[in-house]
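A.B. asks: Here you go, one structure.
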Amino acid sequence: MRIDQVSFQPYTIRKHFRTPHEIRESLQKVAAIGYKAVECGNGYAVDCRQFREICDELGLAVSSFVEAPAELLRNPQAAMANAAILGTTLICYIFPAGIDFASRASVDAWIQALDRTGETLRKAGYTLTYHNHGLEFRRLDGQRIIDRIFDETNPANLSGELDTYWLHAGGGDPERWVRRLKGRLPILHIKDYGINAQNQPAFFEIGHGGLDFSSIIPAAEESGCRCFVVEQDETPGDPFESLEKSFRHIQDHLLA
């Protein structure tokens, strides 16, 4: 892993990302830590063109673009237009919002929609990636839904944006999963899983929880991963300090 392959997800600093001024100030702080890239979402207080201008000023590349899930399936052309402005070809489906995982018909139709959308993006030079949480490890008619997502879509149409925390939380092995998606894993969300003082699962900074990133990262690279996105859904204190703590561990222990 190279330093220019390390990105971050602004969800970590969402409470400091609500106005144009906060967005600029927050991106400046994160760039000062040493991050070279950011994963851009939709629905910010600035549009994609303004976001790109701020990133260009700060020397941040946009690694990937997250579109609202239903909108992405309904109107992939709009997502591609935004991704073009941002300068990325990776478009992320972030969460199965509104999908009834207890309904075979709902899941069947949704997986087919992911495949169709991915085909549309692929033909235009973009890549659709799927970001998992833990709920995809639920079983429907004896099958894990996460298996169906990747087994029943064309690998050319749907790649992974696997999330290490949620893979583990769902009962999966992150290293085995990144190897399983060899050739269809352009991007990986890296976040650490651990047990807090209350004996409850919690989000930790990279290298400070229980996941073995010294094995996960090389396995991901062998599978073709070229972007590693740091995200921490909840932080115990200042989220910028958490981002820096993760970055320093990456810098000291995980870079090639």
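Letters for chains follow the order of the structure tokens (A, B, ...), residue numbers begin at 1 for each chain, and ligand numbers begin at 1 in the order shown.
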I'd like the contact shell of A:His249 - 7 Å cut-off, only C-alpha atoms, skipping same-chain residues fewer than 4 positions apart - returned as an NGL selection string.

C.D. replies: :A and (206-207 or 245 or 253)

A.B. asks: Would you return as a ChimeraX atom specification the members of stretch 4-151 of chain A that DSSP assigns to strand (DSSP E or B) on this structure's backbone?

C.D. replies: /A:6-8,37-41,61-67,90-93,127-130,139-140,143-144

A.B. asks: Per residue of stretch 21-74 of chain A within 12 Å of stretch 223-230 of chain A, record the nearest atom pair and its distance in Å to one decimal, counting only C-alpha atoms, with rows in chain order and ascending residue number, as a tab-separated table.

C.D. replies:
```
residue	atom	partner	partner_atom	distance
A:Val30	CA	A:Val230	CA	11.5
A:Tyr35	CA	A:Val230	CA	9.7
A:Lys36	CA	A:Val229	CA	10.8
A:Ala37	CA	A:Val229	CA	8.6
A:Val38	CA	A:Val229	CA	7.8
A:Glu39	CA	A:Val229	CA	7.4
A:Cys40	CA	A:Val229	CA	11.0
A:Ala61	CA	A:Cys227	CA	11.4
A:Val62	CA	A:Cys227	CA	10.7
A:Ser63	CA	A:Cys227	CA	7.2
A:Ser64	CA	A:Cys227	CA	8.9
A:Phe65	CA	A:Val229	CA	11.8
```

A.B. asks: So that each row is one residue of stretch 156-191 of chain A with an atom at most 6 Å from stretch 114-137 of chain A, can you give its shortest atom pair and the distance in Å to one decimal, using only C-alpha atoms, rows by chain and rising number, as a Markdown table?

C.D. replies:
```
| residue | atom | partner | partner_atom | distance |
| --- | --- | --- | --- | --- |
| A:Asn157 | CA | A:Gly118 | CA | 4.3 |
| A:Leu158 | CA | A:Leu128 | CA | 5.4 |
| A:Ser159 | CA | A:Thr129 | CA | 4.6 |
| A:Gly160 | CA | A:Thr129 | CA | 4.8 |
| A:Glu161 | CA | A:His131 | CA | 4.6 |
| A:Leu162 | CA | A:His131 | CA | 5.4 |
| A:Trp166 | CA | A:His133 | CA | 4.8 |
| A:Ala169 | CA | A:Gly134 | CA | 5.9 |
| A:Gly170 | CA | A:Gly134 | CA | 4.2 |
```

A.B. asks: Could you write out the selected residues, including C-alpha atoms, as an mmCIF file, in the first residue's frame?

C.D. replies:
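Here's the written file result17.cif:
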```
data_model
loop_
_atom_site.group_PDB
_atom_site.id
_atom_site.type_symbol
_atom_site.label_atom_id
_atom_site.label_comp_id
_atom_site.auth_asym_id
_atom_site.auth_seq_id
_atom_site.Cartn_x
_atom_site.Cartn_y
_atom_site.Cartn_z
ATOM 1 C CA ASN A 157 -20.724 -5.436 -13.581
ATOM 2 C CA LEU A 158 -20.325 -5.418 -9.793
ATOM 3 C CA SER A 159 -17.157 -5.108 -7.755
ATOM 4 C CA GLY A 160 -16.692 -4.902 -4.014
ATOM 5 C CA GLU A 161 -16.043 -2.079 -1.631
ATOM 6 C CA LEU A 162 -15.720 -4.486 1.255
ATOM 7 C CA TRP A 166 -18.721 -5.109 9.030
ATOM 8 C CA ALA A 169 -19.246 -8.129 12.677
ATOM 9 C CA GLY A 170 -21.373 -10.153 10.267
#
```

A.B. asks: Tell me which of A:Asn196, A:Ser215, A:Gln251, A:Gln143 sits closest to A:Pro174, counting only C-alpha atoms.

C.D. replies: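 Checking each candidate against A:Pro174, we get A:Ser215 as the closest.
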
A.B. asks: Give me every alpha helix (DSSP H) residue in stretch 52-170 of chain A, going by DSSP on the backbone, as an MDAnalysis selection string.

C.D. replies: chainID A and resid 52:58 69:74 76:86 104:123 145:151 164:170

A.B. asks: Using only C-alpha atoms, determine which residues lie at most 12 Å from A:His208, disregarding the query and same-chain residues fewer than 3 positions distant; provide the list as an mmCIF file with N, CA and C atoms, in the first residue's frame.

C.D. replies:
```cif
data_model
loop_
_atom_site.group_PDB
_atom_site.id
_atom_site.type_symbol
_atom_site.label_atom_id
_atom_site.label_comp_id
_atom_site.auth_asym_id
_atom_site.auth_seq_id
_atom_site.Cartn_x
_atom_site.Cartn_y
_atom_site.Cartn_z
ATOM 1 N N LYS A 191 -11.552 -0.301 8.619
ATOM 2 C CA LYS A 191 -11.896 0.172 9.958
ATOM 3 C C LYS A 191 -11.703 -0.990 10.915
ATOM 4 N N ASP A 192 -11.287 -0.683 12.124
ATOM 5 C CA ASP A 192 -10.911 -1.745 13.058
ATOM 6 C C ASP A 192 -12.063 -2.088 14.002
ATOM 7 N N TYR A 193 -12.134 -3.359 14.344
ATOM 8 C CA TYR A 193 -13.164 -3.922 15.226
ATOM 9 C C TYR A 193 -12.507 -4.323 16.539
ATOM 10 N N GLY A 194 -13.118 -3.918 17.646
ATOM 11 C CA GLY A 194 -12.583 -4.323 18.938
ATOM 12 C C GLY A 194 -13.674 -4.382 19.994
ATOM 13 N N ILE A 195 -13.297 -4.732 21.191
ATOM 14 C CA ILE A 195 -14.221 -4.806 22.324
ATOM 15 C C ILE A 195 -13.831 -3.713 23.322
ATOM 16 N N ASN A 196 -14.801 -2.901 23.694
ATOM 17 C CA ASN A 196 -14.498 -1.786 24.588
ATOM 18 C C ASN A 196 -14.538 -2.204 26.061
ATOM 19 N N ALA A 202 -17.032 -2.380 19.323
ATOM 20 C CA ALA A 202 -16.867 -0.950 19.098
ATOM 21 C C ALA A 202 -15.919 -0.712 17.927
ATOM 22 N N PHE A 203 -16.022 0.495 17.369
ATOM 23 C CA PHE A 203 -15.122 0.919 16.297
ATOM 24 C C PHE A 203 -13.832 1.448 16.913
ATOM 25 N N PHE A 204 -12.706 1.017 16.350
ATOM 26 C CA PHE A 204 -11.409 1.458 16.834
ATOM 27 C C PHE A 204 -10.592 2.034 15.679
ATOM 28 N N GLU A 205 -9.595 2.845 16.004
ATOM 29 C CA GLU A 205 -8.672 3.331 15.006
ATOM 30 C C GLU A 205 -7.871 2.157 14.437
ATOM 31 N N LEU A 211 -8.416 -6.526 14.497
ATOM 32 C CA LEU A 211 -8.224 -7.043 13.146
ATOM 33 C C LEU A 211 -6.748 -7.012 12.756
ATOM 34 N N ASP A 212 -6.357 -7.997 11.958
ATOM 35 C CA ASP A 212 -4.954 -8.126 11.558
ATOM 36 C C ASP A 212 -4.747 -7.507 10.181
ATOM 37 N N PHE A 213 -4.511 -6.200 10.160
ATOM 38 C CA PHE A 213 -4.343 -5.515 8.884
ATOM 39 C C PHE A 213 -3.024 -5.855 8.209
ATOM 40 N N SER A 242 -8.886 10.784 15.758
ATOM 41 C CA SER A 242 -9.008 9.378 15.382
ATOM 42 C C SER A 242 -8.476 9.152 13.970
ATOM 43 N N LYS A 245 -4.765 9.194 14.207
ATOM 44 C CA LYS A 245 -4.258 7.983 14.863
ATOM 45 C C LYS A 245 -4.225 6.814 13.870
ATOM 46 N N SER A 246 -5.285 6.681 13.087
ATOM 47 C CA SER A 246 -5.321 5.631 12.059
ATOM 48 C C SER A 246 -4.241 5.872 11.012
ATOM 49 N N PHE A 247 -4.115 7.123 10.582
ATOM 50 C CA PHE A 247 -3.143 7.443 9.536
ATOM 51 C C PHE A 247 -1.722 7.142 10.003
ATOM 52 N N ARG A 248 -1.397 7.508 11.249
ATOM 53 C CA ARG A 248 -0.041 7.269 11.741
ATOM 54 C C ARG A 248 0.266 5.780 11.810
ATOM 55 N N HIS A 249 -0.730 4.977 12.192
ATOM 56 C CA HIS A 249 -0.487 3.531 12.220
ATOM 57 C C HIS A 249 -0.246 3.010 10.803
ATOM 58 N N ILE A 250 -1.043 3.466 9.866
ATOM 59 C CA ILE A 250 -0.854 3.062 8.469
ATOM 60 C C ILE A 250 0.537 3.459 8.005
#
```

A.B. asks: Go through stretch 124-235 of chain A residue by residue and, counting only C-alpha atoms, keep those with an atom at most 6 Å from stretch 10-18 of chain A; for each kept residue give the shortest atom pair and its distance in Å to one decimal, ordered by chain and increasing number, as JSON lines.

C.D. replies:
```
{"residue": "A:Glu231", "atom": "CA", "partner": "A:Thr12", "partner_atom": "CA", "distance": 5.8}
{"residue": "A:Gln232", "atom": "CA", "partner": "A:Thr12", "partner_atom": "CA", "distance": 5.3}
{"residue": "A:Asp233", "atom": "CA", "partner": "A:Thr12", "partner_atom": "CA", "distance": 5.6}
```

A.B. asks: Can you pull out the residues contacting A:Arg49? Cut-off 8 Å, using only C-alpha atoms, and skip same-chain residues under 4 positions away; I want them as a list in words.

C.D. replies: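 Here the answer would be Glu53, Ile85 and Leu86 of chain A.
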
A.B. asks: Name the closest residue to A:Asp108 among the candidates A:Ala84, A:Gly237, A:Arg180, A:Glu152; distances are taken between atoms, counting only C-alpha atoms.

C.D. replies: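 Closest to A:Asp108 of all the choices is A:Glu152.
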
A.B. asks: Using only C-alpha atoms, find the one residue out of A:Glu175, A:Asp163, A:Glu244, A:Asp100 that sits nearest to A:Gly34.

C.D. replies: A:Glu244

A.B. asks: Excluding A:Ala31 and its own-chain neighbours fewer than 2 positions away, which residues fall within 12 Å of it when counting only C-alpha atoms? Please give them as a CSV table (one decimal) with N, CA, C and O atoms, in the first residue's frame.

C.D. replies:
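Contents of part06.csv, freshly written:
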```csv
chain,number,residue,atom,x,y,z
A,4,ASP,N,-0.4,7.4,-1.4
A,4,ASP,CA,-1.4,8.0,-2.3
A,4,ASP,C,-2.6,7.1,-2.5
A,4,ASP,O,-3.6,7.6,-3.1
A,6,VAL,N,-4.2,5.9,0.1
A,6,VAL,CA,-5.0,6.0,1.4
A,6,VAL,C,-5.9,7.1,1.3
A,6,VAL,O,-5.6,8.3,1.1
A,7,SER,N,-7.2,6.8,1.4
A,7,SER,CA,-8.3,7.8,1.3
A,7,SER,C,-9.0,7.8,2.6
A,7,SER,O,-8.7,7.1,3.6
A,8,PHE,N,-10.0,8.7,2.8
A,8,PHE,CA,-10.8,8.7,4.0
A,8,PHE,C,-12.3,9.0,3.6
A,8,PHE,O,-12.5,9.6,2.6
A,24,ARG,N,-14.7,22.9,3.9
A,24,ARG,CA,-13.4,23.4,3.5
A,24,ARG,C,-12.4,23.3,4.6
A,24,ARG,O,-11.3,22.8,4.5
A,25,GLU,N,-12.8,23.7,5.8
A,25,GLU,CA,-12.0,23.7,7.0
A,25,GLU,C,-11.6,22.2,7.4
A,25,GLU,O,-10.5,21.9,7.7
A,26,SER,N,-12.6,21.3,7.3
A,26,SER,CA,-12.4,20.0,7.7
A,26,SER,C,-11.5,19.3,6.7
A,26,SER,O,-10.6,18.5,7.1
A,27,LEU,N,-11.7,19.5,5.4
A,27,LEU,CA,-10.8,18.9,4.4
A,27,LEU,C,-9.4,19.4,4.5
A,27,LEU,O,-8.4,18.6,4.4
A,28,GLN,N,-9.3,20.6,4.9
A,28,GLN,CA,-7.9,21.2,5.1
A,28,GLN,C,-7.2,20.5,6.3
A,28,GLN,O,-6.0,20.2,6.2
A,29,LYS,N,-8.0,20.3,7.4
A,29,LYS,CA,-7.4,19.6,8.5
A,29,LYS,C,-7.0,18.2,8.2
A,29,LYS,O,-5.9,17.7,8.6
A,33,ILE,N,-3.1,16.3,8.0
A,33,ILE,CA,-2.7,15.0,8.6
A,33,ILE,C,-1.8,14.2,7.7
A,33,ILE,O,-0.9,13.6,8.1
A,34,GLY,N,-2.1,14.3,6.4
A,34,GLY,CA,-1.3,13.6,5.4
A,34,GLY,C,-2.1,12.8,4.4
A,34,GLY,O,-1.6,12.2,3.5
A,35,TYR,N,-3.4,12.7,4.6
A,35,TYR,CA,-4.3,12.0,3.6
A,35,TYR,C,-4.2,12.7,2.2
A,35,TYR,O,-4.1,13.9,2.1
A,36,LYS,N,-4.2,11.8,1.2
A,36,LYS,CA,-4.0,12.3,-0.2
A,36,LYS,C,-5.3,12.2,-1.0
A,36,LYS,O,-5.4,12.6,-2.1
A,37,ALA,N,-6.4,11.6,-0.4
A,37,ALA,CA,-7.6,11.3,-1.2
A,37,ALA,C,-8.8,11.3,-0.2
A,37,ALA,O,-8.7,11.1,1.0
A,38,VAL,N,-10.0,11.5,-0.8
A,38,VAL,CA,-11.2,11.5,-0.1
A,38,VAL,C,-12.3,10.8,-0.9
A,38,VAL,O,-12.3,10.9,-2.1
A,54,ILE,N,-12.4,22.5,-4.1
A,54,ILE,CA,-11.8,22.6,-2.8
A,54,ILE,C,-10.7,21.5,-2.7
A,54,ILE,O,-9.6,21.8,-2.2
A,55,CYS,N,-11.0,20.3,-3.2
A,55,CYS,CA,-10.0,19.2,-3.1
A,55,CYS,C,-8.8,19.6,-4.0
A,55,CYS,O,-7.7,19.3,-3.6
A,56,ASP,N,-9.0,20.1,-5.1
A,56,ASP,CA,-7.9,20.5,-6.0
A,56,ASP,C,-7.0,21.6,-5.3
A,56,ASP,O,-5.8,21.5,-5.4
A,57,GLU,N,-7.6,22.5,-4.6
A,57,GLU,CA,-6.8,23.5,-3.9
A,57,GLU,C,-6.0,22.9,-2.8
A,57,GLU,O,-4.9,23.4,-2.5
A,58,LEU,N,-6.5,21.8,-2.2
A,58,LEU,CA,-5.8,21.2,-1.1
A,58,LEU,C,-4.9,20.0,-1.4
A,58,LEU,O,-4.3,19.4,-0.6
A,59,GLY,N,-4.9,19.7,-2.7
A,59,GLY,CA,-4.1,18.6,-3.2
A,59,GLY,C,-4.7,17.2,-2.8
A,59,GLY,O,-4.0,16.2,-2.7
A,60,LEU,N,-6.0,17.2,-2.7
A,60,LEU,CA,-6.7,15.9,-2.4
A,60,LEU,C,-7.3,15.4,-3.7
A,60,LEU,O,-8.1,16.1,-4.4
A,61,ALA,N,-7.1,14.1,-4.0
A,61,ALA,CA,-7.8,13.4,-5.1
A,61,ALA,C,-9.1,12.9,-4.6
A,61,ALA,O,-9.3,12.7,-3.4
A,240,PHE,N,-11.1,14.0,14.3
A,240,PHE,CA,-9.9,14.3,13.6
A,240,PHE,C,-8.7,13.6,14.2
A,240,PHE,O,-7.7,13.2,13.5
A,243,LEU,N,-8.8,10.1,13.0
A,243,LEU,CA,-8.3,9.9,11.7
A,243,LEU,C,-6.8,10.0,11.7
A,243,LEU,O,-6.1,9.3,10.9
A,244,GLU,N,-6.2,10.9,12.5
A,244,GLU,CA,-4.7,11.0,12.6
A,244,GLU,C,-4.1,9.7,13.2
A,244,GLU,O,-3.1,9.2,12.7
A,247,PHE,N,-4.1,7.1,10.6
A,247,PHE,CA,-3.1,7.4,9.5
A,247,PHE,C,-1.7,7.1,10.0
A,247,PHE,O,-0.9,6.6,9.2
```

A.B. asks: Expressed in Å to a single decimal, how great is the separation between atom CA of A:Pro236 and atom CA of A:Pro201?

C.D. replies: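 Atom-to-atom, atom CA of A:Pro236 to atom CA of A:Pro201, that is 13.1 Å.
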
A.B. asks: Restricting the calculation to only C-alpha atoms: of A:Ala197, A:Ala97, A:Ile91, A:Ala219, which residue gets closest to A:Arg176?

C.D. replies: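 Of the candidates, the smallest distance to A:Arg176 is held by A:Ala219.
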
A.B. asks: Expressed in Å to a single decimal, how great is the separation between atom CA of A:Thr89 and atom CA of A:Pro186?

C.D. replies: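 Taking atom CA of A:Thr89 as the start and atom CA of A:Pro186 as the end point, the length is 10.5 Å.
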